[in-house]
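To start, the structure under review is shown below, and the notes come after it.
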Amino acid sequence: MDLTINLLPTKKSKFRIGFGILAILFASFWILFNLAEKESLKVFDWLYFIVFITLGIAHLIEGTGVSLVGLFGAKAFIYINYDKLHLKQDAFKKGKTVKWNEIKSIEYKFAQFKLTKTDNSTVILEIPTDNYNRVQSIKQIIKSIASENGIQVT
């Protein structure tokens, strides 16, 4: 029984798509109006254009449900199987991995698991609470695998 959850945002947003389109249109009209008014463009005009085009493209990508940091290879996930628990909650921070055979007991508090290892050190795994069903599935699979391994869960 494996549980893999991608924690990078993947929600679609019509508002962000609309904002991205408006930013791209604004940048395009900015260049067109300045070209019609003057024969050459200043550095400020090009910088303004680049900033708004980049902003528009970024909002279009995120608005369609694709994570921008995910496109560059960053990952944030929860992975639980019979061998280990692996949590990488932030795309830019190092994740935590604990093998089941190293765990002595598990204590669940609101939005976090406090794992006591066999060497009496503790590891705290904080789980995101933005989705209730996801939290319940994480709790259920941890309790299930822990009971199979004879680990006390409180």
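Every chain in the structure tokens has a letter given in the order shown (A, B, ...), and although residue numbers restart at 1 in each chain, ligands are simply numbered from 1 in the order shown.
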Please build the interface table for segment 4-65 of chain A against segment 73-96 of chain A with a cut-off of 9 Å, listing for each qualifying residue the nearest atom pair and the distance in Å to one decimal; count only C-alpha atoms, order rows by chain and increasing number, and write it as a Markdown table.
| residue | atom | partner | partner_atom | distance |
| --- | --- | --- | --- | --- |
| A:Thr4 | CA | A:Tyr79 | CA | 4.5 |
| A:Ile5 | CA | A:Ile78 | CA | 5.1 |
| A:Asn6 | CA | A:Phe77 | CA | 4.5 |
| A:Leu7 | CA | A:Phe77 | CA | 4.9 |
| A:Leu8 | CA | A:Ala76 | CA | 5.8 |
Enter the distance from atom CA of Glu62 of chain A to atom CA of Asp130 of chain A, in Å, rounded to one decimal.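 Computing it gives 18.1 Å between the two atoms.
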Can you tell me which residues surround Val135 of chain A at a distance of at most 12 Å, considering only C-alpha atoms, apart from same-chain residues fewer than 3 positions away, and format the answer as an NGL selection string? :A and (3 or 5 or 78 or 108 or 110-113 or 126-132 or 138-142)
Write out as a PyMOL selection string all residues of chain A that DSSP puts in strand (DSSP E) for this structure's backbone. chain A and resi 3-6+77-80+84-88+96-99+103-109+112-117+122-126+152-153
